[in-house]
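See structure below.
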Amino acid sequence: MNTSAALPPLTERISILRWLRQNLFRSVADGAVTVLGIVLLLSLVIPIVTWALTEARWQVVIENIRLFAIGQYPIEYVWRVWVCVLLLALICGVSWGLWLFRQRAVGAAILTAFLLLGLLPGALSIPATEKVAGFGLMLPSLAWLVAMSTLGALGYAIAARAPARARKLVGPAWILYLPVCFVLVAGLGPDGLLATVGSNLWGGLLLTLLITAVGIVASFPLGVLLALGRRSKLPVVKAFCIGYIELIRGVPLITILFMAQLILPLFLPDRVTFGPISFRPEIDRVIRAMAGVSLFSAAYMAENVRGGLQNIPRGQFEAADALGLTATQKMTLIVLPQALRMVVPILVGQFIGLFKDTSLVTIVSLLDLLGIGNTVLAQPKFIGTQREVYLFVAAIYWIFSYVMGAISRRLELPQSASRR
Amino acid sequence: MKKTKLGSVLLSAVALALSACSTAPVEVTRVVEVTRVVEKAAAAPSAPAAPAATAAPAAPAAAVVAASGATLKKVTERGKLICGVSGLVPGFSFVDSAGKYSGLDVDVCRAVAAAVFGDGTKVEFRNLTTQQRFTALQSGDIDVLSRNTTWSLQRDTELGLNFAPVTFYDGQGMMVPKASGITKLEDLKDRTICVQKGTTTELNLADQMGVRKINYKPLSVETADDATAAYESERCDAYTTDISGLISRRSVLKKPADHVILDVVMSKEPLGPAVRHGDDQWFDIVKWSVFAMFAAEEYGVTSQNVEQLKGSTKDNETKRLLGVEGDMGKKLGLDNAFAYNIVKGVGNFGEVYDRNLGPTTPTAIPRGINSLWNKGGLMYAPPIR
Amino acid sequence: MSDTKKTRIPIWRDERAYAVLAQVAFVVVVIAAGVFLFGNLLSALRRQNIPIGFDFLPTRAGFDISDSFLEYTASSNYLQAFQVGLVNTLVVASVGIVLASVFGLITGLAGLTHNFIISRLARVYTEIMRNVPLLVFLVFWYRGIVFNLPKISEALSIGPILVSNRGVAIPWLLEGALSLPVVRGRIFDGGFVLSPELFAILSGLVIYTAAFIGEVIRAGVQAIPRGQFEAARALGFTGMQSIRLIVLPQALRVIIPPLTSQYLNLTKNSSLAAAVGYPDLWSISTVIINQTGRAVEMIAVVMGIYLTTSLLTSLFMNWYNNKVRLIER
């Protein structure tokens, strides 16, 4: 009965037969189930592998890899996207060095993610056709990997030697990272190195990741505010927050995206005039999608944060009151840090959900990873390659979600001041 | 120690902020001010409007703006045209592996951009599904809809659209596998027919089969790709859409020769670009951008010879078209060289057609009724004068 | 601070007054914003001569619907079309919830067995599904798999169930007798035929949601101390009995809240049916929008319906949760 008690002695561990009996053939019924399971497994795996290796036309993915990666983003500015990824490698290295140097599993997960990213330019430079060769501006895979690991290692090396105080810089670095990347991708001026690249040209995985990142960053504070508002003593604020949360959680995301994409402009005036300032309230449609996803996610975020808030012992509130802290101090210094720490795994789950939900922007005709998949399927040359395209898209989503989940499961949060 | 200090600073800041708007009257004026500003903003464009009866007193009389000119202003301020296309129909609008848009509908958008900006690349394409296209146009999210859309009375009125000249005369057809032995619509009794959702084709199918009292099963799918895939996998027995669509779709089937397009034209499907009601100037611009392409083909002006013709032509019509004589562009609120820019940057209608649907393309469709009027077709530009 | 309360506080220094004032200001701003936005909407619609209202509902729809549980033809009106969509959504959601619960329970328990192969299979299945977006899975499932099922002439028979790309036919009670489906020409005869689209959305939602429900159940059962199970065994219950009578009732308490949100997710996710061509509420509403141009009205109604359904489901599950709790005490 008690299988998980203690590891058997070495001699028994070697015995494969014994393992088989323990785990697969404990009784006749058990054995039958095992055999059934194996048959099921083989009947699924064999045809799939055979198809993938012989029949499948993976050429559709190889020839269109650039579309999948960055959509119609102009070739001459692709380096800006790669700078973002390199910066990410650096920041990850630094964070690893400062925060997580004992957690090899997390390091391994991050490393895997970067290796996969590194393989992308490799795949991109496969000279399948002349068209793809135009993508040669990218670093070849090997140089790319070297650059990334150098930067990561550099960050790690610096961080490992840095004084403990340097930890305080990691948070701001992460907070700065997103706007910097956004500027890099979107551009600043009409021309030059950082010429503007319109959001209609962002696409593929790039767009998916951008919407995700903005969604996470925007929905988190909004969710915390809504959670606090729901506990507010002011009836109007409370009613508004409850109303918002329940409304948003009660309708499908697609209705909200549809509203944001197609109906919102109807509600905006033709021109807004505030004295001397006059402008047309045209909101970029990628921004609208980001807002839609964020507003949607915030309602769920609020409920998760509320779960954390409810689990804070009353004593904490009373102690804060006894110390004479104001309501704001009590919240920001005592309650929220504990509440958020409690729900970190749930929040990461929520972030993964948001990442997956961004695929719905396809339905309102944005060309994210899935949307690009659909346009690729319209190419006369690749009619009938639905399985290849969608499997590839699914695999990309899978890798990102899985790595995010794996990191969050392994992550031991850095001990905070309160625990030291 | 440090934290308390920070806290007290924060506190005093909050206190300051509170005291700034402390007394009740100040608060109230602020609110009033906001509402006033808001009303002003909404009412501002209503000045030249007819005094229409407003439904709700709450709705500021912004209402009936004779918004003529508003769209052109909006487009020029923005610096680019936003054009709604399908993006999934090779030959009409489509994204290739290099991420470039091409197609007849796409080139119409480019022509309008060339007319407005003198640069056919200043256009942003927006992929729209059949279900989203009209809402996107109504809401002002796009400036022009060029998405193989059929011109019909209801769309012209109830949906608030204005159709510019037809750029492709189509008709609804029916494709079946040769081996099925189906030769007329009556043979489709109890069969499944694939059709794209939200199209006039879908409505026609119901009408045509209803009149003939033929019982059939529709399979309404979201995209033309789905319809093709469903048809190819024999999920349905026939596939109906515009004949041009059937021709281009048949060419990508595994064995094109195994499929026939029935010799029935189930409806008229005039396809053309559309704009929303309420801005006549913009409607004129789109209309004459298309007419300019027709006229250029008629007068033999091509993207190759337009430069040279501009200097040398003796023909008065051509002179007016290219802006050498008269103020044709000015009347539209554009540059006089608008047609020159279209032909230079995009080409005349014949060039556009050949580039996208000509015999050398994978989506070849014989020109037929889409030739110029003097070559037995229906394409006809009113005089430019 | 508190001693000042004994004297009368002037109104401009009373915190409570500020609270009331701030709230009034908030309400005013919200209402003003609402009026402003709505005014813009009305003026934009009037500018384009687009009417507003629901007068279009009783006019002829003119389009056919492939899947319907109600009487519907092209000459039915928009209201009837809408009802067809509503019923379709309700059918998919309710049947989906039942099936997903069954498969979820199987998955959850499979993940808990000591049998290596079975528990690994359950884990792999769960991990695949949980990390892929539903929409991606649905389009793959529909366009990649369901379209490529065998042709009807070569229909696959799994027991009495026939599977082809023309749909899935299952035995069904017709006129009091069990009717087994057979292939006749190019159609199924007898039984109940699920169109490929209904099959795709139903099976897609069930396969996807069952992975999540399985995870909920696994976590719920693992939350019950092992001692409970062992005590049951010691009292002479069989393995199945101990799970059914001792562990599951206790686990339900942990399971029901997350299970509720999975049910709600499934209901809301059924709005992705349009991606597999199934005419659900959302899909039909977009067609109506396309025909009539009444986007605002339709969206408002659809959101209202989803909201009502979600709130009702939550209410029911809360009631059930309380019931389970009472029994447990």
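Residue numbering restarts at 1 in every chain; chains get A, B, ... in the order shown in the structure tokens, and ligands count up from 1 in that same order.
All chain A residues having an atom within 7 Å of chain B, based on only C-alpha atoms, amount to Glu63, Asn64, Leu67, Gly71, Gln72, Lys131, Asn200, Leu262, Ile263, Pro265, Leu266, Pro269, Val272, Thr273, Phe274, Ser365, Thr375, Ala378, Gln379, Pro380, Ile383 and Gly384 of chain A.
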Ala275 (chain C) environment, 12 Å, only C-alpha atoms, sequence neighbours closer than 4 positions dropped, as a CSV table (one decimal) with all heavy atoms, in the first residue's frame:
chain,number,residue,atom,x,y,z
A,254,ILE,N,-14.8,37.7,-26.6
A,254,ILE,CA,-15.0,38.1,-28.0
A,254,ILE,C,-16.0,39.3,-28.1
A,254,ILE,O,-15.8,40.2,-28.9
A,254,ILE,CB,-15.4,36.9,-28.8
A,254,ILE,CG1,-15.6,37.3,-30.3
A,254,ILE,CG2,-16.7,36.3,-28.4
A,254,ILE,CD1,-14.3,37.7,-30.9
A,360,LEU,N,-7.6,35.4,-29.5
A,360,LEU,CA,-9.0,35.9,-30.0
A,360,LEU,C,-8.9,37.1,-30.8
A,360,LEU,O,-9.9,37.4,-31.5
A,360,LEU,CB,-9.9,36.1,-28.8
A,360,LEU,CG,-10.8,34.9,-28.5
A,360,LEU,CD1,-10.0,33.7,-28.0
A,360,LEU,CD2,-11.9,35.3,-27.5
A,362,THR,N,-7.5,37.4,-33.4
A,362,THR,CA,-7.7,37.0,-34.7
A,362,THR,C,-9.1,37.2,-35.3
A,362,THR,O,-9.3,37.6,-36.4
A,362,THR,CB,-7.4,35.5,-34.8
A,362,THR,OG1,-6.1,35.3,-34.3
A,362,THR,CG2,-7.5,34.9,-36.2
A,363,ILE,N,-10.1,37.0,-34.4
A,363,ILE,CA,-11.4,37.0,-34.8
A,363,ILE,C,-11.8,38.5,-35.2
A,363,ILE,O,-12.6,38.7,-36.1
A,363,ILE,CB,-12.4,36.5,-33.7
A,363,ILE,CG1,-12.0,35.1,-33.4
A,363,ILE,CG2,-13.9,36.7,-34.1
A,363,ILE,CD1,-12.9,34.4,-32.4
A,364,VAL,N,-11.2,39.5,-34.6
A,364,VAL,CA,-11.4,40.9,-35.0
A,364,VAL,C,-10.3,41.3,-36.0
A,364,VAL,O,-10.0,42.5,-36.1
A,364,VAL,CB,-11.5,41.8,-33.8
A,364,VAL,CG1,-12.8,41.6,-33.1
A,364,VAL,CG2,-10.3,41.7,-32.9
A,374,ASN,N,-3.9,32.0,-40.5
A,374,ASN,CA,-5.0,32.0,-41.5
A,374,ASN,C,-4.6,32.7,-42.8
A,374,ASN,O,-5.0,32.2,-43.8
A,374,ASN,CB,-6.2,32.8,-40.8
A,374,ASN,CG,-6.8,32.0,-39.7
A,374,ASN,OD1,-6.7,30.8,-39.7
A,374,ASN,ND2,-7.5,32.7,-38.8
B,129,THR,N,-13.5,40.4,-41.8
B,129,THR,CA,-14.4,39.3,-42.2
B,129,THR,C,-15.7,39.9,-42.8
B,129,THR,O,-15.9,41.1,-42.6
B,129,THR,CB,-14.7,38.4,-41.0
B,129,THR,OG1,-15.5,39.1,-40.1
B,129,THR,CG2,-13.5,37.9,-40.3
B,197,LYS,N,-20.7,32.6,-45.1
B,197,LYS,CA,-21.7,33.2,-44.2
B,197,LYS,C,-21.7,34.8,-44.4
B,197,LYS,O,-20.6,35.4,-44.6
B,197,LYS,CB,-21.3,32.9,-42.7
B,197,LYS,CG,-22.3,33.2,-41.7
B,197,LYS,CD,-21.8,33.0,-40.3
B,197,LYS,CE,-21.4,31.6,-40.0
B,197,LYS,NZ,-20.7,31.5,-38.7
B,220,SER,N,-23.0,26.9,-44.0
B,220,SER,CA,-22.4,28.3,-44.0
B,220,SER,C,-21.1,28.3,-43.2
B,220,SER,O,-21.1,28.0,-42.0
B,220,SER,CB,-23.4,29.2,-43.3
B,220,SER,OG,-24.7,29.1,-43.8
B,221,VAL,N,-20.1,28.6,-43.9
B,221,VAL,CA,-18.8,28.7,-43.2
B,221,VAL,C,-18.2,30.1,-43.2
B,221,VAL,O,-18.7,31.0,-43.9
B,221,VAL,CB,-17.7,27.7,-43.9
B,221,VAL,CG1,-18.1,26.3,-43.8
B,221,VAL,CG2,-17.6,28.1,-45.4
B,222,GLU,N,-17.2,30.3,-42.3
B,222,GLU,CA,-16.7,31.6,-42.0
B,222,GLU,C,-15.9,32.2,-43.2
B,222,GLU,O,-16.1,33.3,-43.5
B,222,GLU,CB,-15.9,31.5,-40.8
B,222,GLU,CG,-15.6,32.8,-40.1
B,222,GLU,CD,-16.8,33.2,-39.2
B,222,GLU,OE1,-17.8,32.5,-39.1
B,222,GLU,OE2,-16.8,34.3,-38.7
B,223,THR,N,-15.0,31.4,-43.8
B,223,THR,CA,-14.1,32.0,-44.8
B,223,THR,C,-14.2,31.2,-46.1
B,223,THR,O,-14.7,30.0,-46.1
B,223,THR,CB,-12.7,32.0,-44.3
B,223,THR,OG1,-12.3,30.6,-44.2
B,223,THR,CG2,-12.5,32.6,-42.9
B,226,ASP,N,-12.4,27.9,-45.7
B,226,ASP,CA,-13.1,26.8,-45.2
B,226,ASP,C,-14.0,26.2,-46.2
B,226,ASP,O,-14.2,25.0,-46.3
B,226,ASP,CB,-14.0,27.4,-44.0
B,226,ASP,CG,-13.3,27.4,-42.7
B,226,ASP,OD1,-12.1,26.9,-42.7
B,226,ASP,OD2,-13.8,28.0,-41.7
C,134,LEU,N,-7.7,27.8,-26.6
C,134,LEU,CA,-8.9,27.1,-27.1
C,134,LEU,C,-9.2,27.3,-28.6
C,134,LEU,O,-9.4,26.4,-29.3
C,134,LEU,CB,-10.1,27.5,-26.3
C,134,LEU,CG,-11.4,26.9,-26.7
C,134,LEU,CD1,-11.4,25.4,-26.7
C,134,LEU,CD2,-12.6,27.4,-25.9
C,135,LEU,N,-9.0,28.6,-29.0
C,135,LEU,CA,-9.4,28.9,-30.4
C,135,LEU,C,-8.4,28.2,-31.3
C,135,LEU,O,-8.9,27.7,-32.3
C,135,LEU,CB,-9.2,30.4,-30.6
C,135,LEU,CG,-9.6,30.9,-32.0
C,135,LEU,CD1,-11.1,30.6,-32.3
C,135,LEU,CD2,-9.4,32.4,-32.1
C,136,VAL,N,-7.2,28.1,-31.0
C,136,VAL,CA,-6.2,27.4,-31.8
C,136,VAL,C,-6.6,25.9,-31.9
C,136,VAL,O,-6.6,25.3,-32.9
C,136,VAL,CB,-4.8,27.6,-31.3
C,136,VAL,CG1,-3.8,26.8,-32.1
C,136,VAL,CG2,-4.4,29.1,-31.3
C,137,PHE,N,-6.9,25.4,-30.7
C,137,PHE,CA,-7.3,24.0,-30.7
C,137,PHE,C,-8.5,23.8,-31.6
C,137,PHE,O,-8.6,22.8,-32.3
C,137,PHE,CB,-7.5,23.5,-29.3
C,137,PHE,CG,-8.1,22.1,-29.2
C,137,PHE,CD1,-7.3,21.1,-29.6
C,137,PHE,CD2,-9.4,21.9,-28.7
C,137,PHE,CE1,-7.8,19.8,-29.6
C,137,PHE,CE2,-9.9,20.6,-28.7
C,137,PHE,CZ,-9.1,19.5,-29.1
C,138,LEU,N,-9.5,24.7,-31.4
C,138,LEU,CA,-10.8,24.5,-32.2
C,138,LEU,C,-10.6,24.5,-33.7
C,138,LEU,O,-11.1,23.7,-34.4
C,138,LEU,CB,-11.8,25.6,-31.8
C,138,LEU,CG,-12.6,25.3,-30.5
C,138,LEU,CD1,-13.5,26.5,-30.2
C,138,LEU,CD2,-13.3,24.0,-30.5
C,139,VAL,N,-9.8,25.5,-34.2
C,139,VAL,CA,-9.6,25.6,-35.6
C,139,VAL,C,-8.8,24.4,-36.1
C,139,VAL,O,-9.1,23.8,-37.2
C,139,VAL,CB,-8.9,26.9,-36.1
C,139,VAL,CG1,-9.9,28.0,-35.9
C,139,VAL,CG2,-7.7,27.2,-35.4
C,140,PHE,N,-7.8,23.9,-35.3
C,140,PHE,CA,-7.1,22.7,-35.7
C,140,PHE,C,-8.0,21.5,-35.7
C,140,PHE,O,-8.0,20.8,-36.7
C,140,PHE,CB,-5.9,22.5,-34.7
C,140,PHE,CG,-5.3,21.1,-34.8
C,140,PHE,CD1,-4.5,20.9,-35.9
C,140,PHE,CD2,-5.6,20.1,-33.9
C,140,PHE,CE1,-3.9,19.6,-36.1
C,140,PHE,CE2,-5.0,18.9,-34.1
C,140,PHE,CZ,-4.2,18.6,-35.2
C,141,TRP,N,-8.8,21.4,-34.7
C,141,TRP,CA,-9.7,20.3,-34.6
C,141,TRP,C,-10.7,20.3,-35.7
C,141,TRP,O,-10.9,19.2,-36.4
C,141,TRP,CB,-10.5,20.4,-33.2
C,141,TRP,CG,-11.4,19.3,-32.9
C,141,TRP,CD1,-12.7,19.3,-32.7
C,141,TRP,CD2,-11.0,17.9,-32.6
C,141,TRP,NE1,-13.2,18.1,-32.4
C,141,TRP,CE2,-12.1,17.2,-32.3
C,141,TRP,CE3,-9.8,17.2,-32.6
C,141,TRP,CZ2,-12.1,15.8,-32.0
C,141,TRP,CZ3,-9.8,15.9,-32.3
C,141,TRP,CH2,-10.9,15.2,-32.0
C,142,TYR,N,-11.3,21.4,-36.1
C,142,TYR,CA,-12.3,21.5,-37.1
C,142,TYR,C,-11.7,21.4,-38.5
C,142,TYR,O,-12.0,20.5,-39.3
C,142,TYR,CB,-13.0,22.8,-37.0
C,142,TYR,CG,-14.1,23.0,-38.0
C,142,TYR,CD1,-15.2,22.1,-38.1
C,142,TYR,CD2,-14.1,24.1,-38.9
C,142,TYR,CE1,-16.2,22.3,-39.1
C,142,TYR,CE2,-15.1,24.3,-39.8
C,142,TYR,CZ,-16.1,23.4,-39.9
C,142,TYR,OH,-17.1,23.6,-40.8
C,143,ARG,N,-10.7,22.2,-38.8
C,143,ARG,CA,-10.2,22.3,-40.2
C,143,ARG,C,-9.2,21.2,-40.4
C,143,ARG,O,-9.0,20.7,-41.5
C,143,ARG,CB,-9.5,23.6,-40.4
C,143,ARG,CG,-10.5,24.7,-40.4
C,143,ARG,CD,-10.0,26.1,-40.6
C,143,ARG,NE,-11.0,27.1,-40.3
C,143,ARG,CZ,-10.7,28.3,-40.1
C,143,ARG,NH1,-9.5,28.8,-40.2
C,143,ARG,NH2,-11.7,29.2,-39.8
C,197,GLU,N,-20.2,20.4,-37.7
C,197,GLU,CA,-19.9,21.7,-36.9
C,197,GLU,C,-20.4,21.5,-35.5
C,197,GLU,O,-19.6,21.8,-34.5
C,197,GLU,CB,-20.7,22.8,-37.5
C,197,GLU,CG,-20.1,23.3,-38.9
C,197,GLU,CD,-20.3,22.3,-40.0
C,197,GLU,OE1,-21.4,21.6,-40.0
C,197,GLU,OE2,-19.4,22.1,-40.8
C,198,LEU,N,-21.6,20.9,-35.2
C,198,LEU,CA,-22.0,20.7,-33.9
C,198,LEU,C,-21.0,19.7,-33.2
C,198,LEU,O,-20.6,19.9,-32.1
C,198,LEU,CB,-23.4,20.1,-33.9
C,198,LEU,CG,-24.0,19.7,-32.5
C,198,LEU,CD1,-24.0,20.9,-31.6
C,198,LEU,CD2,-25.4,19.2,-32.7
C,200,ALA,N,-17.9,19.3,-33.9
C,200,ALA,CA,-16.6,19.9,-33.7
C,200,ALA,C,-16.7,20.8,-32.5
C,200,ALA,O,-15.8,20.7,-31.6
C,200,ALA,CB,-16.2,20.7,-34.9
C,201,ILE,N,-17.7,21.6,-32.3
C,201,ILE,CA,-17.7,22.5,-31.2
C,201,ILE,C,-17.9,21.8,-29.9
C,201,ILE,O,-17.3,22.0,-28.9
C,201,ILE,CB,-18.8,23.7,-31.4
C,201,ILE,CG1,-18.7,24.7,-30.3
C,201,ILE,CG2,-20.2,23.2,-31.5
C,201,ILE,CD1,-17.5,25.5,-30.2
C,204,GLY,N,-14.8,19.6,-29.3
C,204,GLY,CA,-13.7,20.5,-29.0
C,204,GLY,C,-13.8,21.1,-27.6
C,204,GLY,O,-12.8,21.0,-26.8
C,269,ASN,N,-17.1,30.2,-23.6
C,269,ASN,CA,-16.2,29.8,-24.7
C,269,ASN,C,-17.0,29.3,-25.9
C,269,ASN,O,-16.5,29.2,-27.0
C,269,ASN,CB,-15.3,28.7,-24.2
C,269,ASN,CG,-14.1,29.3,-23.4
C,269,ASN,OD1,-13.8,30.4,-23.5
C,269,ASN,ND2,-13.5,28.4,-22.6
C,270,SER,N,-18.3,28.9,-25.6
C,270,SER,CA,-19.1,28.4,-26.7
C,270,SER,C,-19.3,29.5,-27.7
C,270,SER,O,-19.7,29.2,-28.9
C,270,SER,CB,-20.4,27.8,-26.2
C,270,SER,OG,-21.2,28.9,-25.8
C,271,SER,N,-19.0,30.7,-27.4
C,271,SER,CA,-19.1,31.8,-28.3
C,271,SER,C,-18.0,31.7,-29.4
C,271,SER,O,-18.1,32.4,-30.4
C,271,SER,CB,-19.0,33.2,-27.7
C,271,SER,OG,-17.7,33.3,-27.1
C,279,PRO,N,-23.7,27.6,-36.0
C,279,PRO,CA,-24.4,28.9,-35.8
C,279,PRO,C,-24.9,29.1,-34.3
C,279,PRO,O,-26.1,28.8,-34.0
C,279,PRO,CB,-25.6,28.7,-36.7
C,279,PRO,CG,-25.8,27.2,-36.9
C,279,PRO,CD,-24.4,26.6,-36.7
C,280,ASP,N,-24.1,29.5,-33.5
C,280,ASP,CA,-24.5,29.8,-32.1
C,280,ASP,C,-25.0,31.2,-32.0
C,280,ASP,O,-25.1,31.9,-33.0
C,280,ASP,CB,-23.3,29.5,-31.1
C,280,ASP,CG,-22.3,30.7,-31.2
C,280,ASP,OD1,-22.1,31.2,-32.3
C,280,ASP,OD2,-21.8,31.1,-30.1
C,282,TRP,N,-23.7,34.0,-30.8
C,282,TRP,CA,-22.8,35.0,-31.3
C,282,TRP,C,-22.7,35.0,-32.8
C,282,TRP,O,-22.7,36.0,-33.5
C,282,TRP,CB,-21.4,34.8,-30.6
C,282,TRP,CG,-20.4,35.8,-31.1
C,282,TRP,CD1,-19.3,35.5,-31.9
C,282,TRP,CD2,-20.4,37.2,-30.9
C,282,TRP,NE1,-18.6,36.6,-32.2
C,282,TRP,CE2,-19.2,37.7,-31.6
C,282,TRP,CE3,-21.2,38.1,-30.3
C,282,TRP,CZ2,-18.9,39.0,-31.6
C,282,TRP,CZ3,-20.9,39.4,-30.3
C,282,TRP,CH2,-19.7,39.9,-30.9
C,283,SER,N,-22.5,33.8,-33.4
C,283,SER,CA,-22.3,33.7,-34.8
C,283,SER,C,-23.6,34.2,-35.6
C,283,SER,O,-23.4,35.0,-36.5
C,283,SER,CB,-22.1,32.2,-35.1
C,283,SER,OG,-22.2,31.9,-36.4
Per-residue nearest contacts of chain C to chain B (8 Å; only C-alpha atoms) as CSV:
residue,atom,partner,partner_atom,distance
C:Trp12,CA,B:Thr23,CA,5.9
C:Leu21,CA,B:Ala24,CA,7.8
C:Ala25,CA,B:Val31,CA,7.0
C:Val28,CA,B:Val31,CA,7.6
C:Val29,CA,B:Val31,CA,7.4
C:Ala32,CA,B:Thr35,CA,6.5
C:Val35,CA,B:Ala58,CA,6.2
C:Phe36,CA,B:Val38,CA,7.1
C:Phe38,CA,B:Ala59,CA,7.1
C:Gly39,CA,B:Ala59,CA,4.1
C:Asn40,CA,B:Ala42,CA,7.3
C:Leu42,CA,B:Ala63,CA,7.2
C:Ser43,CA,B:Ala63,CA,3.9
C:Ala44,CA,B:Ala63,CA,7.0
C:Arg46,CA,B:Val64,CA,6.4
C:Arg47,CA,B:Val64,CA,5.2
C:Gln48,CA,B:His277,CA,4.7
C:Asn49,CA,B:Gly160,CA,6.2
C:Ile50,CA,B:Gly160,CA,6.1
C:Pro51,CA,B:Glu158,CA,7.8
C:Gly62,CA,B:Leu203,CA,5.7
C:Phe63,CA,B:Leu203,CA,5.1
C:Asp64,CA,B:Ala206,CA,6.4
C:Ile65,CA,B:Pro218,CA,7.1
C:Ser66,CA,B:Pro218,CA,5.4
C:Ala74,CA,B:Ala206,CA,6.2
C:Arg143,CA,B:Asp226,CA,7.4
C:Phe147,CA,B:Ala230,CA,6.4
C:Asn148,CA,B:Ser233,CA,6.6
C:Lys151,CA,B:Glu234,CA,6.8
C:Asn165,CA,B:Arg235,CA,5.6
C:Arg166,CA,B:Arg235,CA,5.6
C:Ala274,CA,B:Glu222,CA,7.1
C:Ala275,CA,B:Glu222,CA,6.9
C:Val276,CA,B:Val221,CA,7.7
C:Gly277,CA,B:Val221,CA,4.9
C:Thr286,CA,B:Gln131,CA,5.7
C:Val287,CA,B:Gly198,CA,5.2
C:Ile289,CA,B:Gln131,CA,7.2
C:Asn290,CA,B:Gln131,CA,5.1
C:Gln291,CA,B:Gly198,CA,7.1
C:Thr292,CA,B:Leu159,CA,6.5
C:Gly293,CA,B:Leu159,CA,5.3
C:Ala295,CA,B:Thr135,CA,6.7
**Study point:** Arg231 (chain A) surroundings by only C-alpha atoms, 12 Å radius, close-in-sequence under 6 positions cut, as a ChimeraX atom specification
**Key:** /A:224-225,237-242,302-303,305-307,309-310,331
Go ahead and write the residues just picked, N, CA and C atoms, as a tab-separated table (two decimals), in the first residue's frame.
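Ended up saving to result-v1.tsv:
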chain	number	residue	atom	x	y	z
A	224	VAL	N	-5.73	45.19	-9.05
A	224	VAL	CA	-5.52	45.47	-7.62
A	224	VAL	C	-6.46	46.59	-7.18
A	225	LEU	N	-6.55	47.64	-8.00
A	225	LEU	CA	-7.45	48.75	-7.66
A	225	LEU	C	-8.90	48.28	-7.54
A	237	VAL	N	-18.34	53.52	-4.85
A	237	VAL	CA	-17.13	52.91	-5.39
A	237	VAL	C	-17.27	51.39	-5.38
A	238	LYS	N	-17.79	50.89	-4.27
A	238	LYS	CA	-17.95	49.45	-4.14
A	238	LYS	C	-18.90	48.92	-5.22
A	239	ALA	N	-20.03	49.61	-5.36
A	239	ALA	CA	-21.02	49.16	-6.34
A	239	ALA	C	-20.43	49.20	-7.74
A	240	PHE	N	-19.68	50.25	-8.02
A	240	PHE	CA	-19.09	50.36	-9.36
A	240	PHE	C	-18.13	49.19	-9.62
A	241	CYS	N	-17.28	48.91	-8.63
A	241	CYS	CA	-16.30	47.84	-8.81
A	241	CYS	C	-16.98	46.49	-8.96
A	242	ILE	N	-17.98	46.23	-8.10
A	242	ILE	CA	-18.68	44.95	-8.20
A	242	ILE	C	-19.36	44.86	-9.56
A	302	ALA	N	-8.78	41.01	-10.39
A	302	ALA	CA	-9.35	41.57	-9.17
A	302	ALA	C	-9.87	40.45	-8.27
A	303	GLU	N	-10.54	39.48	-8.86
A	303	GLU	CA	-11.08	38.41	-8.03
A	303	GLU	C	-9.96	37.59	-7.40
A	305	VAL	N	-6.91	38.69	-6.63
A	305	VAL	CA	-6.30	39.49	-5.58
A	305	VAL	C	-7.21	39.51	-4.35
A	306	ARG	N	-8.52	39.59	-4.61
A	306	ARG	CA	-9.46	39.61	-3.49
A	306	ARG	C	-9.31	38.33	-2.66
A	307	GLY	N	-9.10	37.20	-3.36
A	307	GLY	CA	-8.88	35.95	-2.64
A	307	GLY	C	-7.72	36.10	-1.67
A	309	LEU	N	-6.55	38.93	-0.41
A	309	LEU	CA	-6.89	39.90	0.64
A	309	LEU	C	-7.72	39.24	1.74
A	310	GLN	N	-8.63	38.35	1.32
A	310	GLN	CA	-9.51	37.73	2.30
A	310	GLN	C	-8.75	36.82	3.25
A	331	MET	N	-2.48	49.60	3.64
A	331	MET	CA	-2.67	48.81	2.43
A	331	MET	C	-1.35	48.54	1.72
Point to revise | Residue neighbourhood region 77-90 of chain C, 7 Å, only C-alpha atoms, exclusion window fewer than 4 positions, as a PyMOL selection string | key: chain C and resi 57-61+68-70+94+270+279-281+284-285
List every residue of region 152-396 of chain A that DSSP, applied to the backbone, labels as strand (DSSP E), and write the result as an mmCIF file with C-alpha atoms, in the first residue's frame.
data_model
loop_
_atom_site.group_PDB
_atom_site.id
_atom_site.type_symbol
_atom_site.label_atom_id
_atom_site.label_comp_id
_atom_site.auth_asym_id
_atom_site.auth_seq_id
_atom_site.Cartn_x
_atom_site.Cartn_y
_atom_site.Cartn_z
ATOM 1 C CA VAL A 272 -12.492 66.827 -29.285
ATOM 2 C CA THR A 273 -11.861 70.464 -28.476
ATOM 3 C CA PHE A 274 -10.572 71.696 -25.139
ATOM 4 C CA ILE A 277 -6.234 71.772 -27.962
ATOM 5 C CA SER A 278 -8.107 70.009 -30.680
ATOM 6 C CA PHE A 279 -7.618 66.480 -31.844
#
